[in-house]
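Read the structure below first, then the notes.
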Number of protein chains: 6
Amino acid sequence: MKIKIINPNTTAAMTDSIWQAAVGAARPGTEILCVSPATGPASIECYVDDYLAVQGVIAEVLKGEREEGADAYVIACFGDPGLQAARELTDKPVLGIAEAAMAMATVLAPSFSVVSVLDRSVKVTQDLVLAYGKERFCRSVRATGLGVLEFADREKGMRALEAQSRLAVEQDGAECILLGCAGFVDFMRALNESLGVPVLDGVVPAVAMAQAMVDIGLRTSKHNTWKYPEPKAFVGFEHLDINGEGV
Amino acid sequence: MKIKIINPNTTAAMTDSIWQAAVGAARPGTEILCVSPATGPASIECYVDDYLAVQGVIAEVLKGEREEGADAYVIACFGDPGLQAARELTDKPVLGIAEAAMAMATVLAPSFSVVSVLDRSVKVTQDLVLAYGKERFCRSVRATGLGVLEFADREKGMRALEAQSRLAVEQDGAECILLGCAGFVDFMRALNESLGVPVLDGVVPAVAMAQAMVDIGLRTSKHNTWKYPEPKAFVGFEHLDINGEGV
Amino acid sequence: MKIKIINPNTTAAMTDSIWQAAVGAARPGTEILCVSPATGPASIECYVDDYLAVQGVIAEVLKGEREEGADAYVIACFGDPGLQAARELTDKPVLGIAEAAMAMATVLAPSFSVVSVLDRSVKVTQDLVLAYGKERFCRSVRATGLGVLEFADREKGMRALEAQSRLAVEQDGAECILLGCAGFVDFMRALNESLGVPVLDGVVPAVAMAQAMVDIGLRTSKHNTWKYPEPKAFVGFEHLDINGEGV
Amino acid sequence: MKIKIINPNTTAAMTDSIWQAAVGAARPGTEILCVSPATGPASIECYVDDYLAVQGVIAEVLKGEREEGADAYVIACFGDPGLQAARELTDKPVLGIAEAAMAMATVLAPSFSVVSVLDRSVKVTQDLVLAYGKERFCRSVRATGLGVLEFADREKGMRALEAQSRLAVEQDGAECILLGCAGFVDFMRALNESLGVPVLDGVVPAVAMAQAMVDIGLRTSKHNTWKYPEPKAFVGFEHLDINGEGV
Amino acid sequence: MKIKIINPNTTAAMTDSIWQAAVGAARPGTEILCVSPATGPASIECYVDDYLAVQGVIAEVLKGEREEGADAYVIACFGDPGLQAARELTDKPVLGIAEAAMAMATVLAPSFSVVSVLDRSVKVTQDLVLAYGKERFCRSVRATGLGVLEFADREKGMRALEAQSRLAVEQDGAECILLGCAGFVDFMRALNESLGVPVLDGVVPAVAMAQAMVDIGLRTSKHNTWKYPEPKAFVGFEHLDINGEGV
Amino acid sequence: MKIKIINPNTTAAMTDSIWQAAVGAARPGTEILCVSPATGPASIECYVDDYLAVQGVIAEVLKGEREEGADAYVIACFGDPGLQAARELTDKPVLGIAEAAMAMATVLAPSFSVVSVLDRSVKVTQDLVLAYGKERFCRSVRATGLGVLEFADREKGMRALEAQSRLAVEQDGAECILLGCAGFVDFMRALNESLGVPVLDGVVPAVAMAQAMVDIGLRTSKHNTWKYPEPKAFVGFEHLDINGEGV
């Protein structure tokens with residue numbers, strides 16, 4: 001099967017790191033396609049970033065449908081930008097990494113916390129916690145105070161993630177930690193060892209869950225809400241050629 | 001004061017009708033600027049439409065800040081597309097019409113229903129009902145089954161809106177009706193008379209509330225979540241020139 | 001237009017201060033009528049106070065309807081005492097100041113805290129947060145520990161309000177502060193400057209919102225729940241002369 | 001022990017019927033004091049009625065404390081008017097009949113419906129369902145469309161109650177019926193037999209629960225929220241002589 | 001009347017202590033039967049313990065129905081193990097002690113905390129808080145860190161309970177304390193005196209409430225969910241002889 | 001990898017049918033072990049059935065840990081009996097089929113309904129919907145009125161499932177159907193074709209998700225709530241030999 005992973009930001013180093021993590025989670029026979037759209041922000045830390053990333057997500061889903069024969073899609077940013085829009089454009093399963101991480105976390109532990117980037121980014125994650133019905137499971141969303149790209153300094157990033165994760169476990173009562181940025185996948189293993197609770201990024205669970213859903217032949221419901229968009233003019237987006245049924 | 005109303009779709013006839021309604025709600029001394037962005041869908045009926053409208057909303061808020069001296073913004077689509085992004089780009093009040101309509105509805109009545117366009121559009125509104133904490137007040141979100149632009153046939157539109165509104169009142173127990181599309185503002189008065197409960201569109205409440213907030217000098221909190229975006233590269237959006245503090 | 005503001009307690013100094021704030025928020029052409037009922041507690045700090053204030057609120061709404069030609073009503077105590085009863089007695093908009101403050105706060109910021117008077121008064125406010133569907137937006141309701149009338153010592157009051165507001169911002173994550181007592185309106189401007197987040201009292205938002213609702217001709221739904229009371233005997237309240245339709 | 005039951009309306013026939021039901025629920029050795037206040041509405045069907053009843057409830061609790069040596073109080077109207085105020089005035093248990101009925105209903109069945117009087121009265125009950133955390137247990141609040149005093153025509157009342165109760169069981173999935181008016185206690189036994197699900201009024205459960213709480217020496221928490229009111233002037237309520245600690 | 005109390009664990013000393021508390025709460029004429037099942041864990045501190053206790057609870061309810069003529073049942077473990085199963089096996093009222101304690105606590109105070117045994121046991125209680133709709137009333141569930149049987153050292157137990165209860169009152173804002181283990185009934189009186197807020201165990205409220213419900217003739221609804229189990233084979237449980245209607 | 005599926009009832013035909021479905025969902029290299037415990041009810045339709053099944057679930061998990069080297073566990077009854085207990089006994093992932101079905105359903109569709117067996121069985125499922133935070137996604141839980149074993153008559157079963165599923169889609173607005181009994185797996189394919197919305201049983205999603213979680217090395221958090229039970233006496237369960245760490 002072919003799983004297409006869309007890193008909605010345009011930072012190639014993050015796309016690489018996501019690709020490596022995804023390949024690690026892929027089974028023999030699963031082809032991982034990992035891309036960054038032609039348009040979008042360098043990192044996603046606020047609502048402006050989040051919304052401006054969606055056009056690229058849409059373009060990549062359409063390409064996946066028309067040219068690449070993808071069997072499932074993963075949106076690899078912990079804000080799950082454009083998730084419901086992506087689902088309208090395909091009948092293959094589409095997974096957000098926050099969604100997949102939370103779905104698996106609640107199987108592994110009765111509660112979790114998310115450790116995120118900037119203070120301001122916390123609410124994007126809280127919106128998702130609510131959207132996915134995880135309010136009662138989420139003990140806290142904590143910020144490291146570092147921007148997405150500051151984690152290139154791995155030592156500094158590790159210290160910040162570990163400090164906040166430890167507070168989440170010890171003060172907030174979290175029994176599982178979710179790393180709230182696709183760029184954090186490199187830190188997962190080390191944190192897992194040091195913290196004594198499961199530490200999940202989102203890319204690996206999303207790839208695993210996508211494979212699982214393709215394995216058993218599941219398809220997105222095209223019955224009503226997430227059916228293909230009505231054909232209409234999209235001024236400025238003509239190149240996307242969105243035109244209804246089967247897009 | 002100057003209030004900028006952004007119709008996030010590109011249908012000029014709807015922008016005109018919104019402009020007329022807004023002017024009717026404006027006080028002497030309030031200047032109404034009502035625009036449709038250069039890019040966007042012809043109508044907003046699903047998540048793809050909703051997300052592809054946001055780039056235009058962002059462009060228009062930035063223009064309002066830099067060139068037009070707007071004192072407040074209204075996003076005139078009942079899905080309130082890009083609302084939190086818009087708030088990051090200005091310290092002036094930004095109102096969604098769904099948000100404003102629901103805020104006033106709960107002052108006027110203990111419960112309301114929303115009458116919307118297509119069946120598939122219902123969930124966009126339900127997402128907002130949840131986001132604004134109105135679950136306990138909203139009796140139902142009903143669809144007419146007609147697309148946004150089908151309401152150009154006013155008679156057909158009126159019949160559909162009236163039928164669903166009546167069901168909302170009689171079967172669902174709504175004591176106030178919200179018209180769930182900016183294009184419905186023309187139907188408001190007639191429905192108000194025939195239904196015996198308050199019928200609100202969203203444009204008029206949003207303009208009135210925006211004026212009220214400007215009157216008393218309120219500003220969006222730039223403390224954390226909705227502060228200006230971090231400066232970064234936005235590939236493909238360079239023309240928007242988003243660059244942080246005061247953008 | 002004429003807006004009638006009812007301070008439900010009997011302390012004239014508070015009525016004066018509310019009147020001044022309201023006049024500051026009124027537009028040219030808006031007449032502000034600000035009264036304290038003939039009966040009621042000197043301050044409202046608990047449920048007994050709250051309930052004993054309602055008879056006065058009812059009397060003043062009836063007078064506003066029958067003699068004064070009021071176009072809208074504001075109940076100027078942060079417990080919004082008797083709000084639903086007042087709405088039964090008129091078809092003009094009736095606003096509670098807590099309700100108005102919370103409605104505007106959630107436009108300005110993703111979260112708020114309320115700073116209130118005594119510890120015991122906290123729950124009255126929490127009841128309203130629940131009643132208005134604001135649980136997810138309200139980070140905390142904090143008490144200064146001072147009674148309503150102790151704020152006559154402005155320096156002491158200011159210190160207490162500032163201390164609790166700062167804790168709300170720094171510890172509880174509030175991005176907007178609501179002053180939980182009509183008597184706090186005098187402190188608003190100074191706190192706004194020192195805290196770096198929007199600080200709202202309730203009187204000013206309520207007056208502004210009342211004007212907005214009158215501007216656009218909104219009326220309370222008399223369809224069912226808030227229609228005029230059924231005619232009946234009210235022993236001991238004959239002087240109020242409540243007698244149904246149009247009271 | 002002595003249990004004081006306060007019928008908050010002034011209709012003597014209802015006070016009698018409540019008294020009879022309460023006596024039936026009292027154990028040997030329990031003295032039932034059942035009163036109607038000197039002031040109040042003839043029946044309680046809306047918020048105005050509800051609030052104007054509270055002054056009488058307060059007066060009767062104070063009298064119970066100072067003159068009658070009551071060991072517990074029951075507020076015998078299904079809107080539980082003034083419940084939190086009453087609790088501030090005594091350290092004896094105070095029960096609302098809606099509260100007691102719902103507390104017992106959820107022991108007897110996984111879900112209940114309330115059958116009430118007028119359509120407009122439904123929301124008063126819905127407010128209580130929310131206040132007591134019973135949203136998930138309450139399948140519906142149904143109205144008979146009859147006013148409180150119309151149930152004096154017992155046959156008509158019985159037909160209306162039975163019809164709505166049956167709909168609650170068959171359509172709404174209720175497995176227990178609560179009679180949402182203190183005046184309905186006379187219908188309880190007959191409905192119990194005809195419906196095949198438990199049918200509870202509120203007076204009988206409240207008396208039974210009050211006895212239980214007195215038996216085991218429970219007292220209202222005077223720690224913070226429900227401690228005695230702060231001493232202050234109550235203009236127009238001087239005869240009540242509310243003056244703090246131990247009132 | 002005869003009330004059967006089932007201590008679902010097999011520690012005789014706890015059964016004795018529960019029996020003594022129950023007898024203290026029983027009125028003249030109430031016979032208290034207090035048993036420990038033939039099977040079960042020595043103490044109940046986690047989900048395995050909880051589930052393995054249920055077989056014994058079921059056996060004792062069946063014996064109560066068939067041989068002992070019980071009029072009501074109390075499950076005397078703060079996890080209320082098997083409560084809904086027990087209700088299927090009888091039409092007499094069945095009360096869990098957590099359920100009864102929470103029902104009375106919310107009459108006595110606007111908020112409560114539960115003080116429990118091990119850290120791991122906290123979630124069992126949180127599950128019940130949710131199941132009973134008490135999320136908004138419960139300020140915290142605190143653990144002493146001691147196992148159930150460690151409370152045999154009364155001094156150590158008292159210190160731990162008092163410390164956590166005090167934190168619940170002072171830091172979490174609880175105005176009532178519930179002792180989250182049937183074995184804590186001995187500490188109730190002493191804590192009541194030292195803490196200044198009502199302290200409730202669960203056994204005493206459950207016995208009192210059971211008596212109250214028997215007094216007024218209430219029966220479990222056998223309409224649907226909690227009717228007698230369908231007759232079927234129960235391999236390994238043949239000795240229980242569960243066989244439908246009236247079991 | 002080896003996945004152990006526990007059918008908690010003792011009906012061999014159902015175990016066979018579950019086994020077949022599971023094998024169909026297994027990848028090459030996955031060994032499916034599908035068992036029915038030595039003890040338990042013939043079918044699970046109420047709380048008594050549910051609780052009496054748990055001892056067998058516990059026994060099979062312990063055997064899986066000690067003798068069979070299972071890598072993950074699936075509890076194959078839509079009531080997910082004993083799920084949290086099972087998680088205490090192993091650090092391998094344990095999945096309930098209701099949990100897995102709901103986790104995948106919300107990826108495929110914005111809403112689902114569950115079609116279940118008897119009317120009385122509905123609440124067991126509703127309890128799970130609440131426990132998993134799926135209240136906002138679940139449109140309804142519908143009963144066919146047939147007992148678990150009546151579905152051996154496949155034609156009758158199919159008719160009943162199809163009728164209720166269709167009502168769920170057309171009246172309740174479900175966009176995905178979950179078959180609320182492990183025995184329904186045989187009907188999945190046919191319903192999928194006839195209904196036009198995704199139809200999921202629980203066994204297939206659970207096996208797929210278990211494989212996914214094993215693939216990426218996830219383990220149950222043994223940090224606090226779900227760590228191994230404390231060692232203690234379990235009277236009557238000595239043969240299970242539950243004795244703490246690593247059991």
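Just remember, in the structure tokens the first chain shown is A, the second B, etc., residues are 1-based per chain, and ligands are 1-based in the order shown.
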request  = Pick out the residues sitting within 12 Å of Ala168 in chain A, and hand them over as a PyMOL selection string; count only C-alpha atoms, and ignore anything fewer than 2 positions along from it in its own chain.
outcome  = chain A and resi 111-116+138-144+161-166+170-179+195+197+199
Output N, CA, C and O atoms for every residue in the selection just made, as a tab-separated table (two decimals), in the first residue's frame.
chain	number	residue	atom	x	y	z
A	111	SER	N	-4.90	8.68	31.08
A	111	SER	CA	-4.77	10.14	30.94
A	111	SER	C	-3.48	10.46	30.22
A	111	SER	O	-2.53	9.68	30.26
A	112	PHE	N	-3.47	11.61	29.57
A	112	PHE	CA	-2.25	12.05	28.89
A	112	PHE	C	-2.08	13.56	29.03
A	112	PHE	O	-3.03	14.27	29.36
A	113	SER	N	-0.89	14.02	28.76
A	113	SER	CA	-0.65	15.44	28.56
A	113	SER	C	0.05	15.62	27.22
A	113	SER	O	0.71	14.69	26.74
A	114	VAL	N	-0.11	16.79	26.66
A	114	VAL	CA	0.58	17.13	25.42
A	114	VAL	C	1.65	18.16	25.76
A	114	VAL	O	1.38	19.11	26.48
A	115	VAL	N	2.87	17.94	25.25
A	115	VAL	CA	3.92	18.95	25.41
A	115	VAL	C	4.16	19.59	24.06
A	115	VAL	O	4.44	18.90	23.08
A	116	SER	N	3.99	20.90	24.02
A	116	SER	CA	3.93	21.63	22.76
A	116	SER	C	5.05	22.65	22.64
A	116	SER	O	6.00	22.65	23.42
A	138	CYS	N	-7.29	14.41	28.85
A	138	CYS	CA	-6.14	15.31	28.73
A	138	CYS	C	-5.93	16.08	30.02
A	138	CYS	O	-6.75	16.91	30.39
A	139	ARG	N	-4.83	15.81	30.67
A	139	ARG	CA	-4.56	16.48	31.95
A	139	ARG	C	-4.05	17.90	31.73
A	139	ARG	O	-4.31	18.79	32.55
A	140	SER	N	-3.30	18.13	30.68
A	140	SER	CA	-2.74	19.47	30.44
A	140	SER	C	-2.14	19.52	29.05
A	140	SER	O	-1.78	18.50	28.48
A	141	VAL	N	-2.07	20.73	28.51
A	141	VAL	CA	-1.26	20.98	27.33
A	141	VAL	C	-0.19	21.96	27.79
A	141	VAL	O	-0.49	23.07	28.22
A	142	ARG	N	1.03	21.53	27.77
A	142	ARG	CA	2.13	22.35	28.29
A	142	ARG	C	3.00	22.86	27.14
A	142	ARG	O	3.18	22.16	26.15
A	143	ALA	N	3.52	24.04	27.30
A	143	ALA	CA	4.39	24.62	26.28
A	143	ALA	C	5.83	24.64	26.78
A	143	ALA	O	6.09	24.87	27.96
A	144	THR	N	6.76	24.38	25.86
A	144	THR	CA	8.18	24.50	26.22
A	144	THR	C	8.64	25.95	26.10
A	144	THR	O	9.69	26.31	26.62
A	161	LEU	N	11.72	19.66	26.56
A	161	LEU	CA	10.66	18.65	26.49
A	161	LEU	C	10.63	17.79	27.74
A	161	LEU	O	9.57	17.48	28.28
A	162	GLU	N	11.82	17.42	28.19
A	162	GLU	CA	11.86	16.55	29.37
A	162	GLU	C	11.33	17.29	30.61
A	162	GLU	O	10.59	16.72	31.41
A	163	ALA	N	11.71	18.55	30.73
A	163	ALA	CA	11.26	19.31	31.91
A	163	ALA	C	9.73	19.41	31.93
A	163	ALA	O	9.09	19.14	32.95
A	164	GLN	N	9.15	19.76	30.81
A	164	GLN	CA	7.69	19.92	30.79
A	164	GLN	C	6.99	18.57	30.91
A	164	GLN	O	5.93	18.46	31.54
A	165	SER	N	7.55	17.54	30.31
A	165	SER	CA	6.94	16.21	30.42
A	165	SER	C	6.94	15.75	31.86
A	165	SER	O	5.96	15.16	32.35
A	166	ARG	N	8.04	16.01	32.54
A	166	ARG	CA	8.13	15.58	33.93
A	166	ARG	C	7.09	16.31	34.79
A	166	ARG	O	6.42	15.70	35.63
A	170	GLU	N	4.29	14.54	37.01
A	170	GLU	CA	4.34	14.68	38.47
A	170	GLU	C	3.30	15.63	39.02
A	170	GLU	O	2.74	15.40	40.09
A	171	GLN	N	3.03	16.71	38.32
A	171	GLN	CA	2.07	17.67	38.87
A	171	GLN	C	0.66	17.51	38.29
A	171	GLN	O	-0.32	17.72	39.00
A	172	ASP	N	0.59	17.18	37.02
A	172	ASP	CA	-0.74	17.14	36.38
A	172	ASP	C	-1.34	15.74	36.37
A	172	ASP	O	-2.50	15.58	36.00
A	173	GLY	N	-0.55	14.74	36.73
A	173	GLY	CA	-1.09	13.39	36.80
A	173	GLY	C	-1.21	12.68	35.46
A	173	GLY	O	-1.94	11.70	35.34
A	174	ALA	N	-0.48	13.15	34.46
A	174	ALA	CA	-0.52	12.46	33.16
A	174	ALA	C	0.19	11.11	33.28
A	174	ALA	O	1.22	10.99	33.93
A	175	GLU	N	-0.37	10.10	32.64
A	175	GLU	CA	0.25	8.77	32.64
A	175	GLU	C	0.78	8.41	31.24
A	175	GLU	O	1.17	7.26	31.00
A	176	CYS	N	0.77	9.37	30.37
A	176	CYS	CA	1.27	9.19	29.01
A	176	CYS	C	1.56	10.59	28.48
A	176	CYS	O	0.86	11.53	28.82
A	177	ILE	N	2.63	10.70	27.68
A	177	ILE	CA	2.99	12.01	27.15
A	177	ILE	C	2.88	11.97	25.63
A	177	ILE	O	3.37	11.05	24.99
A	178	LEU	N	2.23	12.99	25.08
A	178	LEU	CA	2.19	13.16	23.63
A	178	LEU	C	3.07	14.33	23.24
A	178	LEU	O	2.99	15.41	23.84
A	179	LEU	N	3.90	14.13	22.25
A	179	LEU	CA	4.78	15.19	21.78
A	179	LEU	C	4.03	16.00	20.72
A	179	LEU	O	3.71	15.48	19.64
A	195	LEU	N	11.39	8.89	31.15
A	195	LEU	CA	10.21	9.34	31.89
A	195	LEU	C	9.43	8.23	32.61
A	195	LEU	O	8.70	8.51	33.55
A	197	VAL	N	6.89	6.68	31.53
A	197	VAL	CA	5.52	6.57	31.01
A	197	VAL	C	5.64	6.51	29.50
A	197	VAL	O	6.63	6.97	28.94
A	199	VAL	N	5.68	7.58	25.85
A	199	VAL	CA	5.82	8.86	25.17
A	199	VAL	C	5.54	8.61	23.69
A	199	VAL	O	6.21	7.80	23.06
Cut-off 10 Å: closest chain A/chain C atom pairs per residue, using only C-alpha atoms, as a Markdown table:
| residue | atom | partner | partner_atom | distance |
| --- | --- | --- | --- | --- |
| A:Asp119 | CA | C:Gly173 | CA | 9.9 |
| A:Lys123 | CA | C:Pro110 | CA | 8.2 |
| A:Leu130 | CA | C:Arg136 | CA | 9.7 |
Could you write those residues out with C-alpha atoms, as an mmCIF file, in the first residue's frame?
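So the final result, stored in result16.cif, reads:
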data_model
loop_
_atom_site.group_PDB
_atom_site.id
_atom_site.type_symbol
_atom_site.label_atom_id
_atom_site.label_comp_id
_atom_site.auth_asym_id
_atom_site.auth_seq_id
_atom_site.Cartn_x
_atom_site.Cartn_y
_atom_site.Cartn_z
ATOM 1 C CA ASP A 119 2.713 29.286 24.845
ATOM 2 C CA LYS A 123 -4.859 26.686 22.339
ATOM 3 C CA LEU A 130 -12.184 19.321 22.457
#
Per-residue DSSP, range 123-189 of chain E, filtered to helix (DSSP H, G or I), as number ranges by chain = E: 123-131, 148-152, 154-170, 182-189
Distance criterion (only C-alpha atoms): nearest to Ala26 in chain A out of A:Ala206, A:Val124, A:Ala101, A:Ala190 = A:Ala206
request  = Mind checking which residues fall within 9 Å of Pro205 in chain C, counting only C-alpha atoms, ignoring those fewer than 4 positions away in the same chain, and posting them as a list of chain:residue names?
outcome  = B:Ala212, B:Met213, B:Ile216, C:Ala25, C:Ile97, C:Ala100, C:Ala101, C:Ala103, C:Met104, C:Leu200, C:Asp201, C:Met209, C:Ala210
Writing out the chosen residues with N, CA and C atoms as a short mmCIF file (atom, residue, chain, number, x, y, z; two decimals), in the first residue's frame:
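Result file is result_20.cif:
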data_model
loop_
_atom_site.label_atom_id
_atom_site.label_comp_id
_atom_site.auth_asym_id
_atom_site.auth_seq_id
_atom_site.Cartn_x
_atom_site.Cartn_y
_atom_site.Cartn_z
N ALA B 212 -20.58 48.62 18.95
CA ALA B 212 -20.63 48.70 20.42
C ALA B 212 -19.24 48.53 21.01
N MET B 213 -18.48 47.60 20.49
CA MET B 213 -17.16 47.33 21.04
C MET B 213 -16.18 48.44 20.72
N ILE B 216 -16.72 51.55 23.02
CA ILE B 216 -16.20 51.52 24.39
C ILE B 216 -14.71 51.16 24.41
N ALA C 25 -20.35 55.40 28.56
CA ALA C 25 -20.50 54.42 27.48
C ALA C 25 -21.65 54.77 26.55
N ILE C 97 -25.09 42.30 33.60
CA ILE C 97 -23.73 42.79 33.30
C ILE C 97 -22.73 41.64 33.23
N ALA C 100 -23.19 40.25 29.68
CA ALA C 100 -22.63 41.12 28.64
C ALA C 100 -21.10 41.09 28.68
N ALA C 101 -20.55 41.11 29.88
CA ALA C 101 -19.09 41.10 29.99
C ALA C 101 -18.52 39.81 29.42
N ALA C 103 -19.94 37.86 27.20
CA ALA C 103 -20.16 37.81 25.75
C ALA C 103 -19.08 38.59 25.01
N MET C 104 -18.68 39.71 25.54
CA MET C 104 -17.64 40.49 24.87
C MET C 104 -16.25 39.93 25.14
N LEU C 200 -12.29 44.19 31.71
CA LEU C 200 -13.65 44.66 31.46
C LEU C 200 -14.44 44.69 32.76
N ASP C 201 -15.16 45.75 32.98
CA ASP C 201 -16.22 45.68 33.98
C ASP C 201 -17.45 45.15 33.23
N MET C 209 -23.89 47.00 24.60
CA MET C 209 -24.63 45.93 23.92
C MET C 209 -26.12 46.25 23.89
N ALA C 210 -26.63 46.86 24.93
CA ALA C 210 -28.05 47.25 24.94
C ALA C 210 -28.31 48.25 23.82
#
request  = DSSP on the backbone, then: every residue of range 137-186 of chain D marked strand (DSSP E or B), written as number ranges by chain.
outcome  = D: 138-143, 177-179
key: Distance query range 45-48 of chain F at most 6 Å, only C-alpha atoms, self and fewer than 2 positions along chain excluded, as a list in words   = Ala85 of chain E; Asp50, Tyr51 and Ser121 of chain F
Write to file, as a compact mmCIF listing (two decimals), in the first residue's frame, the residues of the selection just made, with N, CA and C atoms.
# COMPACT_ATOMS: atom_id res chain seq x y z
N ALA E 85 -25.38 -4.42 38.17
CA ALA E 85 -25.72 -5.85 38.14
C ALA E 85 -26.64 -6.20 39.30
N ASP F 50 -22.32 -9.14 31.93
CA ASP F 50 -21.08 -8.40 31.71
C ASP F 50 -20.09 -8.65 32.86
N TYR F 51 -20.56 -8.54 34.08
CA TYR F 51 -19.65 -8.70 35.22
C TYR F 51 -19.20 -10.14 35.39
N SER F 121 -29.94 -3.75 26.54
CA SER F 121 -28.50 -3.72 26.34
C SER F 121 -27.99 -2.34 25.91
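The gap separating CA of Tyr73 in chain E from CA of Ile58 in chain E is 11.2 Å, in Å to one decimal.
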message = Report as a PyMOL selection string all protein, DNA and RNA residues lying within 12 Å of range 149-151 of chain D, evaluated on only C-alpha atoms, omitting residues in the same chain fewer than 5 positions from it.
response = (chain C and resi 230+232-233) or (chain D and resi 9-14+41-45+116-118+144+156-161+181-187)
request  = Please measure the separation of CA of Lys2 in chain F and CA of Thr39 in chain F, giving the value in Å to one decimal.
outcome  = 23.1 Å
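The gap separating CA of Gln211 in chain D from CA of Arg120 in chain C is 28.2 Å, in Å to one decimal.
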task = For Ala86 in chain D, please output as a ChimeraX atom specification all residues within 10 Å (counting only C-alpha atoms; exclusion window: fewer than 3 positions along the same chain).
result = /C:47-48 /D:54,57-62,73-75,81-83,89-95,226,228
